[in-house]
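Q: Before I ask anything, let me first share the structure, which is written out below as structure tokens.
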Amino acid sequence: MVRVAPRALSLNAYVQAQEDQGVNTKRRVFSGVQPTGQLHIGNYLGAIKQWITGLELSENIFCIVDLHSITVPQDPVKLRRQIREVAAILLASGLDQAKCSLFVQSHVAAHCELAWILNCVASMGQLSRMTQFKAKADAAKENARVGLFTYPTLMAADILLYHTDAVPVGADQKQHVELTRDLAQQFNNTFGETFKMPAPVIPAMGARVRGLDDPTKKMSKSDPVWGHAIRMLDTPEDVVKKLKSAKTDSGSDILFDENRPGVNNLLTIYLGFRGGTRESVEAHFTGKGYGALKAEVAEAVNEGLRPIRERTNQLLQDEGELDRILRIGADRVRGEAEATMTKVRSRVGLG
Ligand code: AQP
């Protein structure tokens, strides 16, 4: 039976709901992050934080999806550095190999092979409907890479290789997980039961952190504007400066209100780092002005990021050790990926 996690369900709540339905515990969780630039607090609140929360409850695989990152132009020297920086940030945040498997996508060749087979299952129409492709390719459709168009089939391969139950992602990736389910179903219908149906798991808060410079847009790693994103390794001073210049709205009430995206975004960030409820956060800011709001958000972000920054900087001192840690993850998952491929090749009639 196909079980879909309801929208806006936390990973804890998802696992609890599964247990309540008598489903085995220790669900397989898979998720990925692109090394397209330095991670920001949107990646942290929308994805990494819920990955960490779910560590004890699930069997977890996390992937630095470097093959996805070359669907848009990348400088090779920077890309190599960014892969290690992302790895260090994830490890420093608590995703160490004792609690999960963390690896680099290009270290496991099966991802590309399954992506090709899924390219031969997906239709042009299905991929044309993906909003992320439309948004990223909009400016230069003719010059957009074919890989950007087929990005979702590679993501589907990532997920399906490992018999994934749940994919914790920010709201922007929900459509891709839904496509993964469709492709799994299409493959199973054509070639026989092979893939498990994965479910997207979207956090209740922090699912879509917005750009500080323009709260109508999502915060993005690859946005070049300095004040757009708070990066995980920004200095405390830069965090304060970026928040001071964050765009707010006219009016003075400090309330969660989607129609006032600037203030709503700042409150979302505050809640993500400090915890509590929407009501307790609104009560905390009653009678205060935007200046106080921005200062308190900066303090909350800096307190949350300080230990991660310090540990990341230590890890980045020893690149050899980082590479060794990443190899452990790839060696651990490669066998399962290969076993899936043996089945897939046989089902399709290859070889
Ligand atoms: N603004 C965001 N708010 C909440 N969650 C977010 N995520 C990304 N941006 C936000 C979630 O972070 C995880 C890793 O994202 P990704 O590396 O796969 O790439 P992305 O979704 O395309 O994120 P970016 O930061 O905007 O990168 P670029 O600029 O390279 O496209 C995912 O779970 C994502 O949902």
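Each chain in the structure tokens gets a letter, A, B, ..., in the order shown, and its residues are numbered from 1; ligands are numbered from 1 in order too.
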Around ligand 1, out to 9 Å and counting only C-alpha atoms and all ligand atoms, which residues are there? I want them as a VMD selection string.

A: chain A and resid 31 to 48 64 to 65 68 to 69 72 132 136 167 to 174 202 to 203 205 to 211 217 to 223 229

Q: Any idea what's packed within 10 Å of region 117-128 of chain A, counting only C-alpha atoms, ignoring anything in its chain fewer than 3 positions away? Could you give it as a ChimeraX atom specification?

A: /A:112-114,131-134,149-154,156-157,176,179-180,182-184,186-187,190,344-345,348

Q: Restricting the output to C-alpha atoms, write the selected residues as a CSV table (one decimal), in the first residue's frame.

A:
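again.csv, freshly written:
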chain,number,residue,atom,x,y,z
A,112,CYS,CA,24.1,7.8,-13.3
A,113,GLU,CA,23.1,4.4,-14.7
A,114,LEU,CA,19.7,4.4,-13.0
A,131,THR,CA,8.7,24.3,-11.9
A,132,GLN,CA,12.3,24.3,-10.8
A,133,PHE,CA,13.4,23.8,-14.4
A,134,LYS,CA,11.1,26.5,-15.6
A,149,PHE,CA,16.0,19.4,-17.8
A,150,THR,CA,16.7,15.8,-16.6
A,151,TYR,CA,17.8,16.9,-13.1
A,152,PRO,CA,14.6,15.3,-11.6
A,153,THR,CA,15.4,11.8,-13.1
A,154,LEU,CA,18.8,11.9,-11.5
A,156,ALA,CA,14.6,10.0,-8.6
A,157,ALA,CA,17.6,7.6,-9.1
A,176,HIS,CA,10.5,16.3,-7.6
A,179,LEU,CA,7.7,12.9,-9.8
A,180,THR,CA,10.0,10.2,-8.3
A,182,ASP,CA,5.3,8.6,-10.5
A,183,LEU,CA,8.4,7.2,-12.2
A,184,ALA,CA,8.7,4.4,-9.7
A,186,GLN,CA,5.5,3.7,-14.1
A,187,PHE,CA,8.6,1.4,-13.9
A,190,THR,CA,5.9,-1.8,-16.9
A,344,VAL,CA,16.8,-3.2,-12.5
A,345,ARG,CA,19.0,-4.4,-15.4
A,348,VAL,CA,14.6,-4.2,-18.2

Q: My list of candidates is A:Asn188, A:Thr340, A:Ser280, A:Thr194. Which is closest to His111 (chain A) when distances are computed with only C-alpha atoms?

A: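 Smallest distance to His111 (chain A) is found for A:Thr340.
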
Q: Step one, run DSSP on the backbone; step two, keep only residues of region 34-162 of chain A assigned to strand (DSSP E); then write them as a PyMOL selection string.

A: chain A and resi 58-64+101-104

Q: Would you save the residues from that selection as a compact mmCIF listing (two decimals), in the first residue's frame, using N, CA and C atoms?

A:
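The resulting file, result.txt, is shown below:
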# COMPACT_ATOMS: atom_id res chain seq x y z
N SER A 58 15.39 6.94 12.40
CA SER A 58 15.40 6.34 11.06
C SER A 58 16.79 5.83 10.73
N GLU A 59 16.86 5.13 9.58
CA GLU A 59 18.16 4.73 9.06
C GLU A 59 18.44 5.71 7.92
N ASN A 60 19.51 6.46 8.06
CA ASN A 60 19.65 7.67 7.23
C ASN A 60 20.80 7.63 6.23
N ILE A 61 20.50 8.09 5.01
CA ILE A 61 21.55 8.26 4.00
C ILE A 61 21.45 9.69 3.49
N PHE A 62 22.58 10.41 3.54
CA PHE A 62 22.61 11.78 3.02
C PHE A 62 23.71 11.90 1.97
N CYS A 63 23.39 12.65 0.93
CA CYS A 63 24.26 12.65 -0.24
C CYS A 63 24.60 14.08 -0.68
N ILE A 64 25.86 14.31 -0.97
CA ILE A 64 26.25 15.61 -1.53
C ILE A 64 26.17 15.43 -3.04
N SER A 101 24.86 7.57 6.91
CA SER A 101 25.87 7.43 5.86
C SER A 101 25.86 8.71 5.04
N LEU A 102 27.01 9.35 4.97
CA LEU A 102 27.15 10.61 4.22
C LEU A 102 28.16 10.36 3.11
N PHE A 103 27.78 10.62 1.87
CA PHE A 103 28.70 10.35 0.77
C PHE A 103 28.50 11.34 -0.37
N VAL A 104 29.43 11.27 -1.33
CA VAL A 104 29.37 12.14 -2.51
C VAL A 104 28.79 11.33 -3.67

Q: Could you tell me how far CA of Arg334 (chain A) lies from CA of Val86 (chain A), in Å and to one decimal?

A: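 Separating CA of Arg334 (chain A) from CA of Val86 (chain A) is a distance of 20.8 Å.
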
Q: Counting only C-alpha atoms, which residue out of A:Ala292, A:Val281, A:Met232, A:Cys100 sits closest to Ser252 (chain A)?

A: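 Closest to Ser252 (chain A) of all the choices is A:Ala292.
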
Q: Using Å and a single decimal, report how far CA of Arg181 (chain A) sits from CA of Phe195 (chain A).

A: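 Computed distance, CA of Phe195 (chain A) to CA of Arg181 (chain A), equals 9.1 Å.
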
Q: Looking at A:Val225, A:Ala166, A:Asp96, A:Glu85, which one is nearest to Pro198 (chain A), with distances taken over only C-alpha atoms?

A: A:Ala166

Q: May I ask for the distance between CA of Leu90 (chain A) and CA of Gly276 (chain A), given in Å to one decimal place?

A: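 Separation of CA of Leu90 (chain A) and CA of Gly276 (chain A): 24.3 Å.
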